[in-house]
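Trainee: For reference, the file work-v4.pdb (PDB, C-alpha atoms) is included below:
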ATOM      1  CA  MET A1096      37.605   8.151 -11.927
ATOM      2  CA  LYS A1097      41.272   8.228 -10.982
ATOM      3  CA  ARG A1098      40.684  11.359  -8.888
ATOM      4  CA  LYS A1099      37.760   9.740  -7.100
ATOM      5  CA  MET A1100      39.805   6.646  -6.245
ATOM      6  CA  GLN A1101      42.558   8.902  -4.918
ATOM      7  CA  ILE A1102      40.025  10.697  -2.712
ATOM      8  CA  LEU A1103      38.772   7.323  -1.466
ATOM      9  CA  LEU A1104      42.277   6.076  -0.640
ATOM     10  CA  ASN A1105      43.195   9.382   1.013
ATOM     11  CA  GLY A1106      40.434   8.858   3.565
ATOM     12  CA  ILE A1107      41.677   5.368   4.338
ATOM     13  CA  PHE A1108      45.416   6.024   4.513
ATOM     14  CA  LYS A1109      46.907   9.449   3.781
ATOM     15  CA  GLU A1110      44.174  11.420   5.595
ATOM     16  CA  ASN A1111      42.874   8.750   7.976
ATOM     17  CA  PRO A1112      40.468  10.643  10.273
ATOM     18  CA  VAL A1113      41.641   9.017  13.514
ATOM     19  CA  LEU A1114      45.368   8.471  12.959
ATOM     20  CA  ILE A1115      46.328  11.364  10.669
ATOM     21  CA  LEU A1116      43.702  14.041  11.282
ATOM     22  CA  VAL A1117      43.295  12.932  14.929
ATOM     23  CA  LEU A1118      39.511  13.448  14.886
ATOM     24  CA  GLY A1119      36.715  11.437  16.467
ATOM     25  CA  CYS A1120      39.053  10.085  19.140
ATOM     26  CA  CYS A1121      36.440  10.075  21.940
ATOM     27  CA  SER A1122      34.204   7.560  20.191
ATOM     28  CA  ALA A1123      37.257   5.606  19.016
ATOM     29  CA  LEU A1124      38.441   5.131  22.599
ATOM     30  CA  ALA A1125      35.002   4.391  24.028
ATOM     31  CA  ILE A1126      33.545   2.080  21.370
ATOM     32  CA  SER A1127      36.640   0.023  20.490
ATOM     33  CA  VAL A1128      35.951  -2.426  23.330
ATOM     34  CA  THR A1129      34.173  -4.956  21.096
ATOM     35  CA  VAL A1130      34.527  -5.761  17.409
ATOM     36  CA  LEU A1131      30.771  -5.794  16.798
ATOM     37  CA  GLY A1132      30.374  -2.399  18.446
ATOM     38  CA  SER A1133      33.233  -0.969  16.379
ATOM     39  CA  LEU A1134      31.790  -2.297  13.121
ATOM     40  CA  GLY A1135      28.351  -0.952  14.021
ATOM     41  CA  MET A1136      29.701   2.477  14.933
ATOM     42  CA  GLY A1137      31.804   2.527  11.758
ATOM     43  CA  ALA A1138      28.809   1.655   9.591
ATOM     44  CA  ALA A1139      26.647   4.321  11.269
ATOM     45  CA  LEU A1140      29.302   7.017  10.903
ATOM     46  CA  THR A1141      29.949   6.063   7.279
ATOM     47  CA  PHE A1142      26.258   6.360   6.431
ATOM     48  CA  VAL A1143      26.054   9.776   8.078
ATOM     49  CA  LEU A1144      29.280  10.931   6.402
ATOM     50  CA  VAL A1145      28.171   9.877   2.936
ATOM     51  CA  GLY A1146      24.652  11.261   3.292
ATOM     52  CA  SER A1147      25.665  14.603   4.780
ATOM     53  CA  ASN A1148      28.543  15.055   2.329
ATOM     54  CA  ILE A1149      26.234  14.534  -0.648
ATOM     55  CA  VAL A1150      23.533  16.919   0.626
ATOM     56  CA  ILE A1151      25.980  19.625   1.697
ATOM     57  CA  SER A1152      27.856  19.403  -1.595
ATOM     58  CA  ALA A1153      24.578  19.666  -3.520
ATOM     59  CA  LEU A1154      23.552  22.745  -1.517
ATOM     60  CA  ARG A1155      27.000  24.360  -1.229
ATOM     61  CA  LYS A1156      26.059  27.232  -3.563
ATOM     62  CA  VAL A1157      22.723  27.790  -1.829
ATOM     63  CA  ILE A1158      23.705  27.747   1.853
ATOM     64  CA  PRO A1159      24.633  31.280   3.048
ATOM     65  CA  ASP A1160      28.188  31.437   4.326
ATOM     66  CA  LYS A1161      27.194  33.084   7.624
ATOM     67  CA  VAL A1162      24.898  30.203   8.656
ATOM     68  CA  ARG A1163      26.722  27.293   7.065
ATOM     69  CA  ILE A1164      27.663  25.574  10.369
ATOM     70  CA  PRO A1165      24.060  25.504  11.728
ATOM     71  CA  CYS A1166      22.921  24.218   8.323
ATOM     72  CA  TYR A1167      25.556  21.462   8.439
ATOM     73  CA  ILE A1168      24.392  20.401  11.896
ATOM     74  CA  ILE A1169      20.755  20.215  10.742
ATOM     75  CA  VAL A1170      21.723  18.017   7.778
ATOM     76  CA  VAL A1171      23.929  15.777   9.904
ATOM     77  CA  ALA A1172      21.298  15.521  12.662
ATOM     78  CA  THR A1173      18.745  14.330  10.109
ATOM     79  CA  PHE A1174      20.911  11.410   9.015
ATOM     80  CA  VAL A1175      21.899  10.585  12.607
ATOM     81  CA  THR A1176      18.219  10.440  13.580
ATOM     82  CA  LEU A1177      17.545   8.031  10.711
ATOM     83  CA  VAL A1178      20.432   5.783  11.764
ATOM     84  CA  GLN A1179      19.403   5.884  15.409
ATOM     85  CA  MET A1180      15.814   4.879  14.665
ATOM     86  CA  VAL A1181      16.858   2.026  12.356
ATOM     87  CA  VAL A1182      19.447   0.651  14.773
ATOM     88  CA  GLU A1183      17.076   0.914  17.743
ATOM     89  CA  ALA A1184      14.315  -0.852  15.806
ATOM     90  CA  TYR A1185      16.299  -3.667  14.186
ATOM     91  CA  VAL A1186      19.487  -4.065  16.248
ATOM     92  CA  PRO A1187      18.546  -3.106  19.825
ATOM     93  CA  THR A1188      21.610  -4.788  21.339
ATOM     94  CA  LEU A1189      23.902  -2.677  19.159
ATOM     95  CA  HIS A1190      21.899   0.439  19.999
ATOM     96  CA  LYS A1191      22.380  -0.305  23.696
ATOM     97  CA  SER A1192      26.131  -0.943  23.340
ATOM     98  CA  LEU A1193      26.753   2.257  21.376
ATOM     99  CA  GLY A1194      24.808   4.286  23.924
ATOM    100  CA  ILE A1195      25.227   8.049  23.855
ATOM    101  CA  PHE A1196      27.926   7.901  21.182
ATOM    102  CA  LEU A1197      25.388   7.133  18.450
ATOM    103  CA  PRO A1198      23.440  10.422  18.767
ATOM    104  CA  LEU A1199      26.724  12.247  19.429
ATOM    105  CA  ILE A1200      27.689  11.619  15.783
ATOM    106  CA  VAL A1201      25.829  14.909  15.228
ATOM    107  CA  VAL A1202      28.794  16.804  16.669
ATOM    108  CA  ASN A1203      31.501  14.363  15.620
ATOM    109  CA  CYS A1204      34.530  16.333  14.408
ATOM    110  CA  ILE A1205      35.029  13.995  11.449
ATOM    111  CA  VAL A1206      31.568  14.659  10.008
ATOM    112  CA  LEU A1207      31.594  18.417  10.571
ATOM    113  CA  GLY A1208      35.239  18.670   9.510
ATOM    114  CA  ARG A1209      34.641  16.991   6.155
ATOM    115  CA  ALA A1210      31.513  19.077   5.590
ATOM    116  CA  GLU A1211      33.476  22.283   6.112
ATOM    117  CA  MET A1212      36.781  21.346   4.478
ATOM    118  CA  PHE A1213      35.677  19.110   1.596
ATOM    119  CA  ALA A1214      31.964  18.746   0.818
ATOM    120  CA  ASN A1215      31.495  22.512   0.927
ATOM    121  CA  LYS A1216      34.069  22.971  -1.863
ATOM    122  CA  ASN A1217      33.732  19.903  -4.104
ATOM    123  CA  THR A1218      31.287  18.139  -6.389
ATOM    124  CA  ILE A1219      28.728  15.577  -5.240
ATOM    125  CA  GLY A1220      30.732  12.695  -6.727
ATOM    126  CA  ASP A1221      33.935  13.720  -4.955
ATOM    127  CA  ALA A1222      32.046  14.290  -1.695
ATOM    128  CA  LEU A1223      30.537  10.802  -1.973
ATOM    129  CA  PHE A1224      33.942   9.115  -2.297
ATOM    130  CA  ASP A1225      35.372  11.287   0.466
ATOM    131  CA  GLY A1226      32.625  10.146   2.828
ATOM    132  CA  ILE A1227      33.161   6.483   1.929
ATOM    133  CA  GLY A1228      36.935   6.744   2.328
ATOM    134  CA  MET A1229      36.744   8.543   5.661
ATOM    135  CA  GLY A1230      34.171   6.055   6.932
ATOM    136  CA  ILE A1231      36.285   3.063   5.941
ATOM    137  CA  GLY A1232      39.396   4.626   7.484
ATOM    138  CA  TYR A1233      37.560   5.287  10.746
ATOM    139  CA  THR A1234      36.082   1.777  10.831
ATOM    140  CA  MET A1235      39.434   0.122  10.141
ATOM    141  CA  VAL A1236      41.138   1.860  13.073
ATOM    142  CA  LEU A1237      38.276   1.125  15.473
ATOM    143  CA  THR A1238      38.109  -2.523  14.414
ATOM    144  CA  ALA A1239      41.877  -3.049  14.681
ATOM    145  CA  MET A1240      41.909  -1.596  18.198
ATOM    146  CA  ALA A1241      38.797  -3.585  19.153
ATOM    147  CA  ILE A1242      40.284  -6.909  18.021
ATOM    148  CA  VAL A1243      43.254  -6.476  20.376
ATOM    149  CA  ARG A1244      41.195  -5.084  23.259
ATOM    150  CA  GLU A1245      38.431  -7.681  23.063
ATOM    151  CA  LEU A1246      40.738 -10.636  22.465
ATOM    152  CA  PHE A1247      43.384  -9.880  25.083
ATOM    153  CA  GLY A1248      41.208  -7.830  27.435
ATOM    154  CA  ALA A1249      38.133 -10.051  27.598
ATOM    155  CA  GLY A1250      39.459 -13.192  25.918
ATOM    156  CA  SER A1251      36.684 -13.226  23.328
ATOM    157  CA  LEU A1252      35.904 -12.266  19.739
ATOM    158  CA  PHE A1253      32.386 -11.561  18.477
ATOM    159  CA  GLY A1254      31.121 -12.686  21.878
ATOM    160  CA  LYS A1255      32.764 -16.138  21.719
ATOM    161  CA  GLN A1256      35.282 -16.986  24.449
ATOM    162  CA  ILE A1257      38.690 -17.845  22.985
ATOM    163  CA  ILE A1258      41.191 -17.164  25.768
ATOM    164  CA  PRO A1259      40.431 -18.152  29.385
ATOM    165  CA  GLU A1260      39.700 -15.083  31.514
ATOM    166  CA  GLU A1261      42.584 -15.789  33.890
ATOM    167  CA  TYR A1262      45.031 -15.224  31.021
ATOM    168  CA  THR A1263      43.574 -11.912  29.879
ATOM    169  CA  VAL A1264      44.866  -8.404  30.544
ATOM    170  CA  ARG A1265      41.611  -6.952  31.819
ATOM    171  CA  ILE A1266      42.783  -3.356  31.794
ATOM    172  CA  LEU A1267      42.718  -3.461  27.958
ATOM    173  CA  ALA A1268      38.937  -3.814  28.069
ATOM    174  CA  GLN A1269      38.639  -0.835  30.397
ATOM    175  CA  THR A1270      38.963   2.914  29.811
ATOM    176  CA  PRO A1271      42.764   3.083  30.401
ATOM    177  CA  GLY A1272      43.156   0.306  27.836
ATOM    178  CA  GLY A1273      41.631   2.535  25.166
ATOM    179  CA  PHE A1274      44.203   5.261  25.806
ATOM    180  CA  PHE A1275      46.991   2.688  25.860
ATOM    181  CA  MET A1276      45.951   1.154  22.538
ATOM    182  CA  PHE A1277      45.502   4.526  20.870
ATOM    183  CA  GLY A1278      48.914   5.679  22.100
ATOM    184  CA  LEU A1279      50.489   2.429  20.909
ATOM    185  CA  VAL A1280      48.949   2.716  17.436
ATOM    186  CA  MET A1281      50.045   6.359  17.156
ATOM    187  CA  ALA A1282      53.568   5.443  18.297
ATOM    188  CA  ILE A1283      53.792   2.729  15.642
ATOM    189  CA  LEU A1284      52.564   5.196  13.013
ATOM    190  CA  VAL A1285      55.107   7.871  13.982
ATOM    191  CA  TRP A1286      57.893   5.273  14.105
ATOM    192  CA  GLY A1287      56.931   3.934  10.679
ATOM    193  CA  LEU A1288      56.875   7.414   9.160
ATOM    194  CA  ALA A1289      60.247   8.247  10.753
ATOM    195  CA  LYS A1290      61.792   5.124   9.214
ATOM    196  CA  HIS A1291      60.769   6.434   5.791
ATOM    197  CA  GLY A1292      62.118   9.903   6.530
ATOM    198  CA  LYS A1293      58.674  11.492   6.998
ATOM    199  CA  LYS A1294      57.213  13.578   9.812
ATOM    200  CA  PHE A1295      53.845  13.134  11.455
ATOM    201  CA  GLU A1296      51.896  16.253  10.442
ATOM    202  CA  PRO A1297      48.111  16.200  11.011
ATOM    203  CA  LYS A1298      46.347  17.979   8.118
ATOM    204  CA  MET A1299      42.754  18.604   7.139
ATOM    205  CA  GLY A1300      43.431  17.939   3.501
ATOM    206  CA  CYS A1301      43.906  21.526   2.298
ATOM    207  CA  ASP A1302      45.055  21.343  -1.307
ATOM    208  CA  GLY A1303      45.632  25.058  -1.768
ATOM    209  CA  ASP A1304      42.156  25.740  -3.156
ATOM    210  CA  CYS A1305      40.702  28.153  -0.586
ATOM    211  CA  GLY A1306      37.594  29.051  -2.540
ATOM    212  CA  GLY A1307      34.504  28.656  -0.409
ATOM    213  CA  CYS A1308      36.438  28.221   2.827
ATOM    214  CA  GLY A1309      35.097  30.470   5.564
ATOM    215  CA  SER A1310      38.494  30.489   7.307
ATOM    216  CA  ALA A1311      40.485  31.500   4.226
ATOM    217  CA  ASP A1312      41.117  35.047   5.431
ATOM    218  CA  ASN A1313      42.765  33.822   8.628
ATOM    219  CA  CYS A1314      44.365  30.659   7.250
ATOM    220  CA  SER A1315      48.071  30.455   8.104
ATOM    221  CA  GLU A1316      48.582  27.704   5.524
ATOM    222  CA  LYS A1317      47.221  29.961   2.786
ATOM    223  CA  GLU A1318      49.568  32.763   3.883
ATOM    224  CA  ALA A1319      52.501  30.361   3.843
ATOM    225  CA  LYS A1320      51.663  29.255   0.296
ATOM    226  CA  ASN A1321      51.468  32.860  -0.881
ATOM    227  CA  VAL A1322      54.857  33.862   0.547
TER     228      VAL A1322
END
Just give me the structure as structure tokens.
Mentor:
Amino acid sequence: MKRKMQILLNGIFKENPVLILVLGCCSALAISVTVLGSLGMGAALTFVLVGSNIVISALRKVIPDKVRIPCYIIVVATFVTLVQMVVEAYVPTLHKSLGIFLPLIVVNCIVLGRAEMFANKNTIGDALFDGIGMGIGYTMVLTAMAIVRELFGAGSLFGKQIIPEEYTVRILAQTPGGFFMFGLVMAILVWGLAKHGKKFEPKMGCDGDCGGCGSADNCSEKEAKNV
């Protein structure tokens, strides 16, 4: 259980998909305009991550190595289709606000990255906790950015006006505001790591176990470990 909790916490902090692995940034910039949209996108991605991780982990010894990526996409697309139909049927306003980024979860680097680097090499239980951790980490970053952008860019939170529009910084609620907020969050992260004597080094969570990894033969990290 201790290992599973460590995997869960890694996805939230040590291997946060947006801040540390720098994956899924397109949806993070586009969706983090409203808090409700960010929470909805986070919930959808988490469901897809957990579902695809479990299925891919269960079939990891059955899926041929040469066609593993197409198989991953089929699995992921199945869960994305389920999410899309449910959201469109029961939360049409959320479906409209998420737009094209909901079906684009199929090719989201976070989902495919975890399928290739983790679910493909670990047990179902570990893959489950990895999906939950990564989903929570993604949702936390989106929501934090959305709170600042919605509050100071539009003057509202959850659709309720809090700050008069004349006192808002409207650019925060626009596309440039997404880049600004992401850059600011990354700068704070790098500064915080530097204060503790650490360097910002994006990693995909390679723990030295290259078994089952299709890129093992050309992996520079593996070569470095063997020197």
Trainee: Convert the output of the PyMOL selection byres ((chain A and resi 1107) around 12) on the shown file into explicit residues, formatted as a list in words.
Mentor: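 This file, filtered by the PyMOL selection byres ((chain A and resi 1107) around 12), leaves Met1100, Gln1101, Ile1102, Leu1103, Leu1104, Asn1105, Gly1106, Phe1108, Lys1109, Glu1110, Asn1111, Pro1112, Val1113, Leu1114, Ile1115, Leu1116, Phe1224, Asp1225, Gly1226, Ile1227, Gly1228, Met1229, Gly1230, Ile1231, Gly1232, Tyr1233, Thr1234, Met1235 and Val1236 of chain A.
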Trainee: What separation in Å, quoted to one decimal, exists between CA of Ile1169 in chain A and CA of Thr1188 in chain A?
Mentor: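 Result for CA of Ile1169 in chain A versus CA of Thr1188 in chain A: 27.2 Å, one decimal.
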Trainee: Fewer than 3 positions away in the same chain doesn't count, so skip those; otherwise give me all residues within 7 Å of Thr1218 in chain A, counting only C-alpha atoms, as a ChimeraX atom specification.
Mentor: /A:1152,1221-1222
Trainee: Which residues, named as in the file, does the PyMOL selection byres ((chain A and resi 1239-1253) around 9) pick out? Answer as a PDB file with C-alpha atoms, in the frame of the given file.
Mentor:
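New file part_33.pdb:
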ATOM      1  CA  ALA A1123      37.257   5.606  19.016  1.00  0.00           C
ATOM      2  CA  LEU A1124      38.441   5.131  22.599  1.00  0.00           C
ATOM      3  CA  ILE A1126      33.545   2.080  21.370  1.00  0.00           C
ATOM      4  CA  SER A1127      36.640   0.023  20.490  1.00  0.00           C
ATOM      5  CA  VAL A1128      35.951  -2.426  23.330  1.00  0.00           C
ATOM      6  CA  THR A1129      34.173  -4.956  21.096  1.00  0.00           C
ATOM      7  CA  VAL A1130      34.527  -5.761  17.409  1.00  0.00           C
ATOM      8  CA  LEU A1131      30.771  -5.794  16.798  1.00  0.00           C
ATOM      9  CA  GLY A1132      30.374  -2.399  18.446  1.00  0.00           C
ATOM     10  CA  SER A1133      33.233  -0.969  16.379  1.00  0.00           C
ATOM     11  CA  THR A1234      36.082   1.777  10.831  1.00  0.00           C
ATOM     12  CA  MET A1235      39.434   0.122  10.141  1.00  0.00           C
ATOM     13  CA  VAL A1236      41.138   1.860  13.073  1.00  0.00           C
ATOM     14  CA  LEU A1237      38.276   1.125  15.473  1.00  0.00           C
ATOM     15  CA  THR A1238      38.109  -2.523  14.414  1.00  0.00           C
ATOM     16  CA  GLY A1254      31.121 -12.686  21.878  1.00  0.00           C
ATOM     17  CA  LYS A1255      32.764 -16.138  21.719  1.00  0.00           C
ATOM     18  CA  GLN A1256      35.282 -16.986  24.449  1.00  0.00           C
ATOM     19  CA  ILE A1257      38.690 -17.845  22.985  1.00  0.00           C
ATOM     20  CA  ILE A1258      41.191 -17.164  25.768  1.00  0.00           C
ATOM     21  CA  PRO A1259      40.431 -18.152  29.385  1.00  0.00           C
ATOM     22  CA  GLU A1260      39.700 -15.083  31.514  1.00  0.00           C
ATOM     23  CA  GLU A1261      42.584 -15.789  33.890  1.00  0.00           C
ATOM     24  CA  TYR A1262      45.031 -15.224  31.021  1.00  0.00           C
ATOM     25  CA  THR A1263      43.574 -11.912  29.879  1.00  0.00           C
ATOM     26  CA  VAL A1264      44.866  -8.404  30.544  1.00  0.00           C
ATOM     27  CA  ARG A1265      41.611  -6.952  31.819  1.00  0.00           C
ATOM     28  CA  ILE A1266      42.783  -3.356  31.794  1.00  0.00           C
ATOM     29  CA  LEU A1267      42.718  -3.461  27.958  1.00  0.00           C
ATOM     30  CA  ALA A1268      38.937  -3.814  28.069  1.00  0.00           C
ATOM     31  CA  GLN A1269      38.639  -0.835  30.397  1.00  0.00           C
ATOM     32  CA  GLY A1272      43.156   0.306  27.836  1.00  0.00           C
ATOM     33  CA  GLY A1273      41.631   2.535  25.166  1.00  0.00           C
ATOM     34  CA  MET A1276      45.951   1.154  22.538  1.00  0.00           C
ATOM     35  CA  PHE A1277      45.502   4.526  20.870  1.00  0.00           C
ATOM     36  CA  VAL A1280      48.949   2.716  17.436  1.00  0.00           C
TER      37      VAL A1280
END
Trainee: Got a sec: who's within 12 Å of Leu1140 in chain A, counting only C-alpha atoms, leaving out chain neighbours fewer than 2 positions off, as JSON, numbers by chain?
Mentor: {"A": [1112, 1119, 1122, 1123, 1133, 1134, 1135, 1136, 1137, 1138, 1142, 1143, 1144, 1145, 1146, 1147, 1148, 1171, 1172, 1174, 1175, 1176, 1177, 1178, 1179, 1193, 1196, 1197, 1198, 1199, 1200, 1201, 1202, 1203, 1204, 1205, 1206, 1207, 1226, 1227, 1228, 1229, 1230, 1231, 1232, 1233, 1234, 1237]}
Trainee: Can you tell me how far CA of Phe1274 in chain A sits from CA of Ala1125 in chain A, in Å to one decimal?
Mentor: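 A separation of 9.4 Å between them.
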Trainee: Residues at most 12 Å from Phe1295 in chain A, counting only C-alpha atoms, excluding those fewer than 4 positions away in the same chain, as a JSON list (two decimals) with C-alpha atoms, in the coordinates of the input?
Mentor:
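Printed below is part-v1.json as written:
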[["chain", "number", "residue", "atom", "x", "y", "z"],
["A", 1109, "LYS", "CA", 46.91, 9.45, 3.78],
["A", 1110, "GLU", "CA", 44.17, 11.42, 5.60],
["A", 1114, "LEU", "CA", 45.37, 8.47, 12.96],
["A", 1115, "ILE", "CA", 46.33, 11.36, 10.67],
["A", 1116, "LEU", "CA", 43.70, 14.04, 11.28],
["A", 1117, "VAL", "CA", 43.30, 12.93, 14.93],
["A", 1281, "MET", "CA", 50.04, 6.36, 17.16],
["A", 1282, "ALA", "CA", 53.57, 5.44, 18.30],
["A", 1283, "ILE", "CA", 53.79, 2.73, 15.64],
["A", 1284, "LEU", "CA", 52.56, 5.20, 13.01],
["A", 1285, "VAL", "CA", 55.11, 7.87, 13.98],
["A", 1286, "TRP", "CA", 57.89, 5.27, 14.10],
["A", 1287, "GLY", "CA", 56.93, 3.93, 10.68],
["A", 1288, "LEU", "CA", 56.88, 7.41, 9.16],
["A", 1289, "ALA", "CA", 60.25, 8.25, 10.75],
["A", 1290, "LYS", "CA", 61.79, 5.12, 9.21],
["A", 1291, "HIS", "CA", 60.77, 6.43, 5.79]]
Trainee: Care to translate the PyMOL selection byres ((chain A and resi 1164) around 12) into actual residues of this file, as number ranges by chain?
Mentor: A: 1151, 1155, 1158-1163, 1165-1171, 1201-1202, 1206-1212, 1215, 1308-1309
Trainee: Could you save the residues just selected, with C-alpha atoms, as a tab-separated table (two decimals), keeping the file's coordinate frame?
Mentor:
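selection.tsv written:
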chain	number	residue	atom	x	y	z
A	1151	ILE	CA	25.98	19.62	1.70
A	1155	ARG	CA	27.00	24.36	-1.23
A	1158	ILE	CA	23.70	27.75	1.85
A	1159	PRO	CA	24.63	31.28	3.05
A	1160	ASP	CA	28.19	31.44	4.33
A	1161	LYS	CA	27.19	33.08	7.62
A	1162	VAL	CA	24.90	30.20	8.66
A	1163	ARG	CA	26.72	27.29	7.06
A	1165	PRO	CA	24.06	25.50	11.73
A	1166	CYS	CA	22.92	24.22	8.32
A	1167	TYR	CA	25.56	21.46	8.44
A	1168	ILE	CA	24.39	20.40	11.90
A	1169	ILE	CA	20.76	20.22	10.74
A	1170	VAL	CA	21.72	18.02	7.78
A	1171	VAL	CA	23.93	15.78	9.90
A	1201	VAL	CA	25.83	14.91	15.23
A	1202	VAL	CA	28.79	16.80	16.67
A	1206	VAL	CA	31.57	14.66	10.01
A	1207	LEU	CA	31.59	18.42	10.57
A	1208	GLY	CA	35.24	18.67	9.51
A	1209	ARG	CA	34.64	16.99	6.16
A	1210	ALA	CA	31.51	19.08	5.59
A	1211	GLU	CA	33.48	22.28	6.11
A	1212	MET	CA	36.78	21.35	4.48
A	1215	ASN	CA	31.50	22.51	0.93
A	1308	CYS	CA	36.44	28.22	2.83
A	1309	GLY	CA	35.10	30.47	5.56
Trainee: Go ahead and compute the interatomic distance for CA of Leu1154 in chain A and CA of Leu1118 in chain A, in Å to one decimal.
Mentor: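 Going from CA of Leu1154 in chain A over to CA of Leu1118 in chain A, I get 24.7 Å.
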Trainee: Select, from A:Lys1099, A:Gly1278, A:Lys1216, A:Ala1139, the residue with the minimum atom-to-atom distance to His1190 in chain A, counting all atoms listed in the file.
Mentor: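 Looking only at the distances to His1190 in chain A, the closest residue turns out to be A:Ala1139.
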Trainee: Closest to Gly1220 in chain A among A:Pro1271, A:Met1096, A:Lys1293, A:Tyr1185, using only C-alpha atoms?
Mentor: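 Closest to Gly1220 in chain A, using only C-alpha atoms: A:Met1096.
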